[in-house]
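Here is work.cif, consisting of mmCIF, C-alpha atoms and all ligand atoms:
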data_data
#
loop_
_atom_site.label_atom_id
_atom_site.label_comp_id
_atom_site.auth_asym_id
_atom_site.auth_seq_id
_atom_site.Cartn_x
_atom_site.Cartn_y
_atom_site.Cartn_z
CA MET A 1 -18.49 -23.26 15.51
CA ILE A 2 -21.43 -21.81 17.44
CA LEU A 3 -21.99 -20.63 21.00
CA SER A 4 -24.61 -22.26 23.18
CA LYS A 5 -27.86 -20.36 23.68
CA LYS A 6 -26.87 -19.80 27.32
CA GLU A 7 -23.52 -18.25 26.31
CA GLN A 8 -25.22 -16.06 23.70
CA GLN A 9 -27.67 -14.76 26.30
CA ARG A 10 -24.89 -14.10 28.83
CA LEU A 11 -22.88 -12.14 26.28
CA LYS A 12 -25.89 -10.16 25.04
CA GLN A 13 -26.82 -9.21 28.59
CA ALA A 14 -23.29 -8.23 29.57
CA TYR A 15 -22.08 -6.62 26.32
CA GLY A 16 -25.07 -5.53 24.19
CA ASP A 17 -25.89 -3.30 22.42
CA TRP A 18 -22.91 -2.43 20.12
CA ALA A 19 -19.53 -4.15 19.72
CA LEU A 20 -16.58 -2.56 17.93
CA ILE A 21 -14.24 -5.08 16.33
CA THR A 22 -10.99 -3.93 14.76
CA GLY A 23 -9.36 -6.37 12.37
CA ALA A 24 -12.82 -7.64 11.44
CA SER A 25 -12.00 -8.43 7.81
CA SER A 26 -9.89 -11.53 8.48
CA GLY A 27 -8.83 -14.27 10.88
CA ILE A 28 -9.66 -13.97 14.56
CA GLY A 29 -11.47 -10.62 14.22
CA LEU A 30 -13.65 -11.95 11.41
CA ALA A 31 -14.56 -15.06 13.42
CA LEU A 32 -15.27 -12.97 16.53
CA SER A 33 -17.55 -10.65 14.56
CA GLU A 34 -19.62 -13.63 13.43
CA LEU A 35 -19.98 -15.07 16.94
CA ILE A 36 -20.72 -11.68 18.49
CA ALA A 37 -23.38 -11.02 15.82
CA SER A 38 -24.89 -14.43 16.61
CA CYS A 39 -25.54 -13.10 20.14
CA ASN A 40 -27.80 -10.44 18.61
CA ILE A 41 -25.29 -7.70 19.42
CA ASN A 42 -24.93 -4.95 16.77
CA VAL A 43 -21.42 -4.77 15.34
CA ILE A 44 -19.08 -2.12 13.98
CA LEU A 45 -16.55 -3.71 11.64
CA CYS A 46 -13.23 -1.93 11.23
CA SER A 47 -10.11 -2.61 9.13
CA ARG A 48 -8.60 -1.19 5.92
CA SER A 49 -10.41 -3.47 3.43
CA GLU A 50 -13.72 -1.74 2.78
CA ASP A 51 -15.01 -4.33 0.28
CA LYS A 52 -14.37 -7.29 2.58
CA LEU A 53 -16.04 -5.47 5.47
CA HIS A 54 -19.13 -4.68 3.37
CA THR A 55 -19.41 -8.30 2.25
CA GLN A 56 -19.24 -9.44 5.87
CA ALA A 57 -21.68 -6.70 6.94
CA SER A 58 -24.32 -7.79 4.39
CA ARG A 59 -24.01 -11.40 5.48
CA LEU A 60 -24.29 -10.60 9.19
CA LYS A 61 -27.30 -8.30 8.66
CA LYS A 62 -29.09 -10.96 6.65
CA THR A 63 -28.22 -13.88 8.94
CA TYR A 64 -28.76 -12.29 12.35
CA ALA A 65 -31.07 -9.31 11.66
CA ILE A 66 -28.77 -6.92 13.53
CA ASP A 67 -27.42 -3.44 12.74
CA VAL A 68 -23.95 -3.40 11.24
CA LYS A 69 -21.71 -0.41 10.59
CA VAL A 70 -18.55 -0.49 8.45
CA ILE A 71 -15.65 1.85 9.19
CA ALA A 72 -12.72 1.35 6.82
CA LEU A 73 -9.56 2.96 8.17
CA ASP A 74 -5.83 2.42 8.49
CA LEU A 75 -5.41 2.31 12.26
CA SER A 76 -1.65 2.76 12.07
CA GLU A 77 -2.40 6.42 11.29
CA ALA A 78 -3.09 8.62 14.30
CA GLU A 79 -5.81 10.64 12.50
CA SER A 80 -7.71 7.41 11.80
CA ILE A 81 -8.11 6.80 15.53
CA ASP A 82 -9.70 10.24 15.88
CA LEU A 83 -11.99 9.44 12.94
CA LEU A 84 -12.97 6.08 14.41
CA ILE A 85 -13.84 7.71 17.72
CA GLN A 86 -15.84 10.43 15.93
CA GLN A 87 -17.71 7.93 13.77
CA THR A 88 -18.75 5.78 16.72
CA GLN A 89 -20.06 8.66 18.80
CA GLY A 90 -23.74 8.27 19.63
CA LEU A 91 -23.46 4.47 19.69
CA THR A 92 -23.31 2.68 23.03
CA ILE A 93 -20.29 0.43 22.67
CA SER A 94 -20.16 -2.17 25.42
CA LEU A 95 -17.70 -4.55 23.79
CA PHE A 96 -14.40 -3.50 22.24
CA VAL A 97 -12.25 -6.09 20.48
CA ALA A 98 -8.76 -4.99 19.44
CA SER A 99 -7.87 -7.65 16.89
CA ALA A 100 -6.23 -5.49 14.20
CA GLY A 101 -2.55 -6.30 14.31
CA PHE A 102 0.27 -7.89 12.41
CA GLY A 103 3.67 -9.43 13.00
CA THR A 104 7.12 -9.30 11.48
CA SER A 105 9.88 -11.88 11.66
CA GLY A 106 13.50 -12.50 10.78
CA ASN A 107 16.66 -10.75 11.73
CA PHE A 108 15.91 -7.50 13.59
CA LEU A 109 18.91 -5.70 12.09
CA GLN A 110 17.70 -6.42 8.57
CA SER A 111 14.10 -5.37 9.19
CA SER A 112 12.50 -2.33 7.61
CA ILE A 113 12.25 0.35 10.27
CA HIS A 114 9.23 1.80 8.46
CA GLU A 115 7.39 -1.54 8.79
CA GLU A 116 8.43 -1.92 12.45
CA VAL A 117 7.19 1.58 13.35
CA ASN A 118 3.97 0.88 11.48
CA MET A 119 3.51 -2.31 13.53
CA LEU A 120 4.23 -0.43 16.75
CA ARG A 121 1.54 2.12 15.88
CA LEU A 122 -1.08 -0.51 15.04
CA ASN A 123 -0.28 -3.14 17.68
CA CYS A 124 0.38 -0.68 20.53
CA GLU A 125 -0.59 2.95 19.90
CA ALA A 126 -3.99 2.19 18.37
CA VAL A 127 -4.70 -0.36 21.11
CA LEU A 128 -3.68 2.16 23.78
CA ARG A 129 -5.79 5.02 22.43
CA LEU A 130 -8.92 2.97 21.75
CA THR A 131 -8.71 1.06 25.04
CA HIS A 132 -8.26 4.33 26.94
CA TYR A 133 -11.24 5.96 25.24
CA PHE A 134 -13.71 3.06 25.35
CA MET A 135 -12.71 1.95 28.85
CA GLN A 136 -13.51 5.42 30.21
CA HIS A 137 -16.97 5.29 28.66
CA MET A 138 -17.62 1.76 29.86
CA VAL A 139 -16.49 2.49 33.41
CA TYR A 140 -18.76 5.56 33.45
CA ARG A 141 -21.69 3.32 32.46
CA LYS A 142 -20.43 0.47 34.73
CA LYS A 143 -20.83 -1.96 31.86
CA GLY A 144 -18.58 -3.39 29.21
CA GLY A 145 -15.90 -5.74 28.01
CA ILE A 146 -12.55 -5.26 26.31
CA ILE A 147 -10.71 -8.05 24.49
CA LEU A 148 -7.03 -7.45 23.79
CA LEU A 149 -5.09 -9.77 21.48
CA SER A 150 -1.87 -10.75 23.18
CA SER A 151 0.15 -13.82 22.11
CA ILE A 152 2.19 -16.69 23.50
CA VAL A 153 5.26 -14.65 22.50
CA ALA A 154 4.37 -11.94 25.05
CA PHE A 155 6.13 -13.42 28.08
CA GLN A 156 9.83 -13.17 27.18
CA GLY A 157 12.08 -11.87 24.43
CA VAL A 158 11.72 -13.80 21.17
CA PRO A 159 14.69 -13.90 18.80
CA TYR A 160 13.65 -13.57 15.12
CA ALA A 161 10.36 -11.95 16.12
CA ALA A 162 11.95 -9.57 18.61
CA HIS A 163 9.89 -6.50 17.92
CA TYR A 164 6.58 -8.30 17.32
CA ALA A 165 7.00 -10.06 20.68
CA ALA A 166 7.76 -6.70 22.29
CA THR A 167 4.47 -5.27 20.96
CA LYS A 168 2.57 -8.23 22.42
CA ALA A 169 4.37 -7.90 25.78
CA TYR A 170 3.01 -4.33 25.78
CA VAL A 171 -0.55 -5.54 25.13
CA GLN A 172 -0.32 -8.28 27.76
CA SER A 173 0.99 -5.85 30.34
CA LEU A 174 -1.66 -3.25 29.51
CA ALA A 175 -4.38 -5.87 29.97
CA GLU A 176 -3.03 -7.10 33.32
CA GLY A 177 -2.51 -3.64 34.76
CA THR A 178 -5.87 -2.21 33.73
CA GLN A 179 -7.78 -5.32 34.85
CA GLN A 180 -6.59 -4.74 38.37
CA GLU A 181 -7.19 -0.97 38.33
CA ILE A 182 -10.81 -1.24 37.22
CA LYS A 183 -11.70 -4.30 39.28
CA GLY A 184 -15.26 -4.01 40.64
CA MET A 185 -16.21 -1.24 38.18
CA GLY A 186 -18.38 -3.45 35.97
CA VAL A 187 -15.95 -3.69 33.06
CA ASP A 188 -14.12 -6.88 32.06
CA VAL A 189 -10.73 -6.89 30.36
CA LEU A 190 -9.55 -10.12 28.76
CA ALA A 191 -6.06 -10.89 27.50
CA ALA A 192 -6.47 -13.43 24.69
CA ILE A 193 -3.23 -15.38 24.27
CA PRO A 194 -3.31 -17.55 21.14
CA GLY A 195 -0.51 -19.66 19.76
CA PRO A 196 -0.32 -20.15 15.99
CA VAL A 197 -3.66 -19.49 14.25
CA GLU A 198 -4.48 -20.12 10.57
CA SER A 199 -5.19 -16.65 9.27
CA GLY A 200 -3.66 -13.89 7.19
CA PHE A 201 -1.13 -13.41 10.01
CA GLY A 202 1.47 -16.02 8.95
CA GLN A 203 1.78 -14.70 5.42
CA ARG A 204 2.11 -11.06 6.45
CA ALA A 205 4.62 -11.96 9.20
CA ASN A 206 6.52 -14.27 6.80
CA MET A 207 6.29 -17.12 9.36
CA GLN A 208 5.59 -20.77 8.49
CA MET A 209 3.91 -21.94 11.66
CA GLY A 210 3.03 -25.60 10.98
CA THR A 211 0.15 -26.74 13.17
CA ALA A 212 -2.26 -23.92 13.76
CA LEU A 213 -5.70 -23.48 15.29
CA ASN A 214 -8.59 -22.29 13.20
CA PRO A 215 -9.84 -18.78 13.98
CA GLU A 216 -13.36 -20.00 14.79
CA GLU A 217 -12.09 -22.22 17.63
CA VAL A 218 -10.02 -19.32 18.95
CA ALA A 219 -12.95 -16.90 18.77
CA LYS A 220 -15.18 -19.32 20.65
CA SER A 221 -12.65 -19.80 23.48
CA ILE A 222 -12.25 -16.04 23.76
CA LEU A 223 -15.96 -15.31 24.04
CA LYS A 224 -16.50 -18.12 26.51
CA ALA A 225 -13.75 -16.61 28.70
CA ILE A 226 -14.68 -12.92 28.74
CA GLY A 227 -16.30 -11.97 32.02
CA LYS A 228 -15.14 -15.19 33.65
CA SER A 229 -11.32 -15.04 33.41
CA LYS A 230 -8.59 -12.46 33.05
CA SER A 231 -6.84 -14.36 30.28
CA VAL A 232 -7.46 -17.21 27.90
CA LEU A 233 -5.03 -19.58 26.21
CA PRO A 234 -7.00 -21.02 23.26
CA GLY A 235 -6.03 -24.54 22.20
CA LEU A 236 -3.69 -27.12 23.70
CA LEU A 237 -0.40 -25.82 22.28
CA SER A 238 -0.69 -22.36 23.86
CA LYS A 239 -1.68 -23.92 27.23
CA VAL A 240 1.21 -26.40 27.20
CA LEU A 241 3.80 -23.89 26.02
CA VAL A 242 2.88 -20.98 28.29
CA ASN A 243 2.21 -23.11 31.38
CA SER A 244 5.31 -25.27 31.00
CA LEU A 245 7.54 -22.23 30.51
CA ARG A 246 5.99 -20.27 33.40
CA THR A 247 8.50 -21.48 35.98
CA ALA A 248 11.54 -21.59 33.68
CA PRO A 249 14.16 -18.84 34.10
CA ARG A 250 13.74 -16.02 31.62
CA PHE A 251 17.00 -16.70 29.73
CA LEU A 252 15.87 -20.30 29.15
CA ARG A 253 12.47 -19.17 27.89
CA VAL A 254 14.26 -16.90 25.40
CA LYS A 255 16.38 -19.85 24.20
CA ILE A 256 13.32 -22.08 23.78
CA MET A 257 11.43 -19.38 21.88
CA GLU A 258 14.52 -18.91 19.69
CA THR A 259 14.36 -22.58 18.70
CA ILE A 260 10.65 -22.32 17.89
CA MET A 261 11.00 -19.10 15.93
CA LYS A 262 14.03 -20.43 13.99
CA GLU A 263 11.76 -23.23 12.81
CA PHE A 264 9.01 -20.76 11.81
CA THR A 265 11.48 -18.64 9.84
CA LYS A 266 13.94 -21.22 8.45
CA HIS A 267 12.53 -20.71 4.91
CA GLN A 268 13.93 -17.15 5.09
CA MET A 269 17.49 -18.38 5.61
CA GLY A 270 17.78 -19.49 1.98
N1 LIG A 301 -2.50 -15.72 13.80
C1 LIG A 301 -1.69 -15.97 14.83
O1 LIG A 301 -0.93 -16.94 14.82
C2 LIG A 301 -1.76 -15.08 16.06
C3 LIG A 301 -1.25 -15.57 17.26
C4 LIG A 301 -1.30 -14.75 18.40
C5 LIG A 301 -1.84 -13.49 18.31
N2 LIG A 301 -2.33 -13.04 17.12
C6 LIG A 301 -2.87 -11.68 17.08
O2 LIG A 301 -4.24 -11.75 16.75
C7 LIG A 301 -4.63 -10.55 16.09
C8 LIG A 301 -5.41 -10.91 14.84
O3 LIG A 301 -4.56 -11.60 13.95
P1 LIG A 301 -5.11 -12.65 12.88
O4 LIG A 301 -4.46 -13.93 13.15
O5 LIG A 301 -6.58 -12.60 12.83
O6 LIG A 301 -4.45 -12.04 11.55
P2 LIG A 301 -5.11 -11.58 10.17
O7 LIG A 301 -5.96 -12.64 9.60
O8 LIG A 301 -3.96 -11.10 9.35
O9 LIG A 301 -6.03 -10.35 10.57
C9 LIG A 301 -5.50 -9.10 10.90
C10 LIG A 301 -6.59 -8.06 10.82
O10 LIG A 301 -6.01 -6.78 11.11
C11 LIG A 301 -6.40 -5.85 10.09
N3 LIG A 301 -5.36 -4.85 9.90
C12 LIG A 301 -4.08 -5.06 9.54
N4 LIG A 301 -3.45 -3.89 9.40
C13 LIG A 301 -4.36 -2.92 9.70
C14 LIG A 301 -4.31 -1.50 9.75
N5 LIG A 301 -3.18 -0.84 9.47
N6 LIG A 301 -5.44 -0.82 10.10
C15 LIG A 301 -6.58 -1.48 10.36
N7 LIG A 301 -6.67 -2.82 10.35
C16 LIG A 301 -5.58 -3.53 10.01
C17 LIG A 301 -6.56 -6.73 8.84
O11 LIG A 301 -7.45 -6.15 7.91
P3 LIG A 301 -7.06 -5.27 6.64
O12 LIG A 301 -5.94 -5.96 5.95
O13 LIG A 301 -8.34 -5.23 5.92
O14 LIG A 301 -6.68 -3.93 7.18
C18 LIG A 301 -7.22 -7.96 9.44
O15 LIG A 301 -8.60 -7.76 9.56
C19 LIG A 301 -3.35 -9.76 15.82
O16 LIG A 301 -3.25 -8.76 16.79
C20 LIG A 301 -2.25 -10.78 16.01
O17 LIG A 301 -1.06 -10.20 16.45
C21 LIG A 301 -2.32 -13.81 15.99
#

Re-express the file's structure as structure tokens.
Ligand SMILES: NC(=O)c1ccc[n+]([C@@H]2O[C@H](COP(=O)([O-])OP(=O)(O)OC[C@H]3O[C@@H](n4cnc5c(N)ncnc54)[C@H](OP(=O)(O)O)[C@@H]3O)[C@@H](O)[C@H]2O)c1
Amino acid sequence: MILSKKEQQRLKQAYGDWALITGASSGIGLALSELIASCNINVILCSRSEDKLHTQASRLKKTYAIDVKVIALDLSEAESIDLLIQQTQGLTISLFVASAGFGTSGNFLQSSIHEEVNMLRLNCEAVLRLTHYFMQHMVYRKKGGIILLSSIVAFQGVPYAAHYAATKAYVQSLAEGTQQEIKGMGVDVLAAIPGPVESGFGQRANMQMGTALNPEEVAKSILKAIGKSKSVLPGLLSKVLVNSLRTAPRFLRVKIMETIMKEFTKHQMG
């Protein structure tokens, strides 16, 4: 899955010279790091898995002759955000991709509160702090792009993924609000809204999602959209589901999502 030369040039011009990608060791973040590197933009790869990040870094350096920096951190820890900010100082970051995130599923009452708080910190607090910091710098320089990973679950309550959906509603809302506030300031914010994607996500969330897009297709749709749209729904399923539910009353959307999520989690019911 490659970008056209024209797309690569557009992205390099708008978002060179460094991109920071969280969640770069797997799935959508990994695929985005490859496509961003192919635009000759230097990349900073961040997640917890140092070895995987170094393997990816070596490959990207060799393939695209760019600079690559690895920062291995657990972004659910507040001190790690400070460290990430410290370690990126001196680099001009014009593209920030917040792909680090995970989901949980099943009965809310039986969930581990430790795991749920951890997810809240990664999916929301880390996204908030890093978006706030890098957006300020980008607006000051009147140049940049921010890609936030929302989800098709972000638009109503979702039984059996209640708290995960709540974290994605937060991300979606943050993207929409900030887009409007910084309009005309030279910085693009994109809400990426995938449906099921084949990645490490399903296993960690304990969801069996059936048909799923591959991360490369998703990454390509996202990069083609940044700077042109406020949101992107990669793949047919996300378009059909989100657009067809748009006009349905909220209680009905919750019921429909309940049916879908019951299917994704039926293996948990024994
Ligand atoms: N897959 C889907 O169906 C789907 C659908 C809609 C939205 N999304 C969203 O898309 C984003 C990317 O998900 P994905 O599908 O690419 O899943 P993935 O393959 O599991 O990738 C998640 C990434 O986040 C990193 N990560 C997890 N915990 C972390 C932590 N505490 N600190 C730092 N990094 C951490 C992981 O790396 P390490 O394990 O190395 O830390 C990995 O690189 C997530 O925000 C997810 O909610 C996914």

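Coordinates place atom CA of A:Leu245 at a distance of 26.6 Å from atom CA of A:Ile146.
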
* Asked: Looking at only C-alpha atoms, which of A:Leu223, A:Ser231, A:Asn214, A:Pro196 is the one that sits closest to A:Glu176?
  ->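 Nearest candidate to A:Glu176 out of A:Leu223, A:Ser231, A:Asn214, A:Pro196: A:Ser231.
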
* Asked: Quick one: residues within 6 Å of stretch 93-100 of chain A, only C-alpha atoms counted, chain neighbours fewer than 5 positions away excluded, as JSON, numbers by chain?
  -> {"A": [15, 18, 19, 20, 21, 22, 23, 29, 144, 145, 146, 147, 148, 149]}

* **Neighbourhood of ligand LIG 301 (chain A) at 7 Å, counting all atoms listed in the file, reported as a ChimeraX atom specification** => /A:22-30,46-49,73-76,99-103,122-123,149-152,193-202,204

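Among A:Gln203, A:Tyr133, A:Lys230, A:Arg250, the residue with the shortest atom-to-atom distance to A:Asp82, counting only C-alpha atoms, is A:Tyr133.
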
* Proximity to A:Met185 - best of A:Tyr170, A:Tyr140, A:Tyr160, A:Phe155, all atoms listed in the file -> A:Tyr140

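For the atom pair formed by atom CA of A:Ala166 and atom CA of A:Arg121, the distance is 12.6 Å, given to one decimal.
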
* To do: Using all atoms listed in the file, find the one residue out of A:Asn118, A:Thr211, A:Ser4, A:Thr178 that sits nearest to A:Ala78.
  => A:Asn118

* To do: Excluding A:Lys143 and residues on its chain fewer than 3 positions from it, collect all residues at most 6 Å away from it, counting all atoms listed in the file, and give them as JSON, numbers by chain.
  => {"A": [138, 186, 187]}

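The shortest atom-to-atom distance to A:Phe108, with only C-alpha atoms taken into account, belongs to A:His163 out of A:Val127, A:His163, A:Leu91, A:Asn243.
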
* Any idea what's packed within 12 Å of A:Val68, counting all atoms listed in the file, ignoring anything in its chain fewer than 2 positions away? Could you give it as a count of residues only? -> 35

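Atom to atom, atom CA of A:Met207 and atom CA of A:Phe264 stand 5.2 Å apart.
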
* Which of A:Thr131, A:Thr92, A:Asn107, A:Gln179 sits closest to A:Ile226 [using only C-alpha atoms] ->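 Comparing A:Thr131, A:Thr92, A:Asn107, A:Gln179 against A:Ile226, the winner is A:Gln179.
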
Set out as a tab-separated table a contact list for stretch 195-235 of chain A and stretch 265-270 of chain A with a cut-off of 10 Å, giving each residue of stretch 195-235 of chain A that qualifies its closest atom pair and distance in Å to one decimal, counting all atoms listed in the file, ordered by chain and rising residue number.
residue	atom	partner	partner_atom	distance
A:Ala205	CA	A:Thr265	CA	9.6
A:Asn206	CA	A:Thr265	CA	7.3
A:Met207	CA	A:Thr265	CA	5.4
A:Gln208	CA	A:Thr265	CA	6.4
A:Met209	CA	A:Thr265	CA	8.5
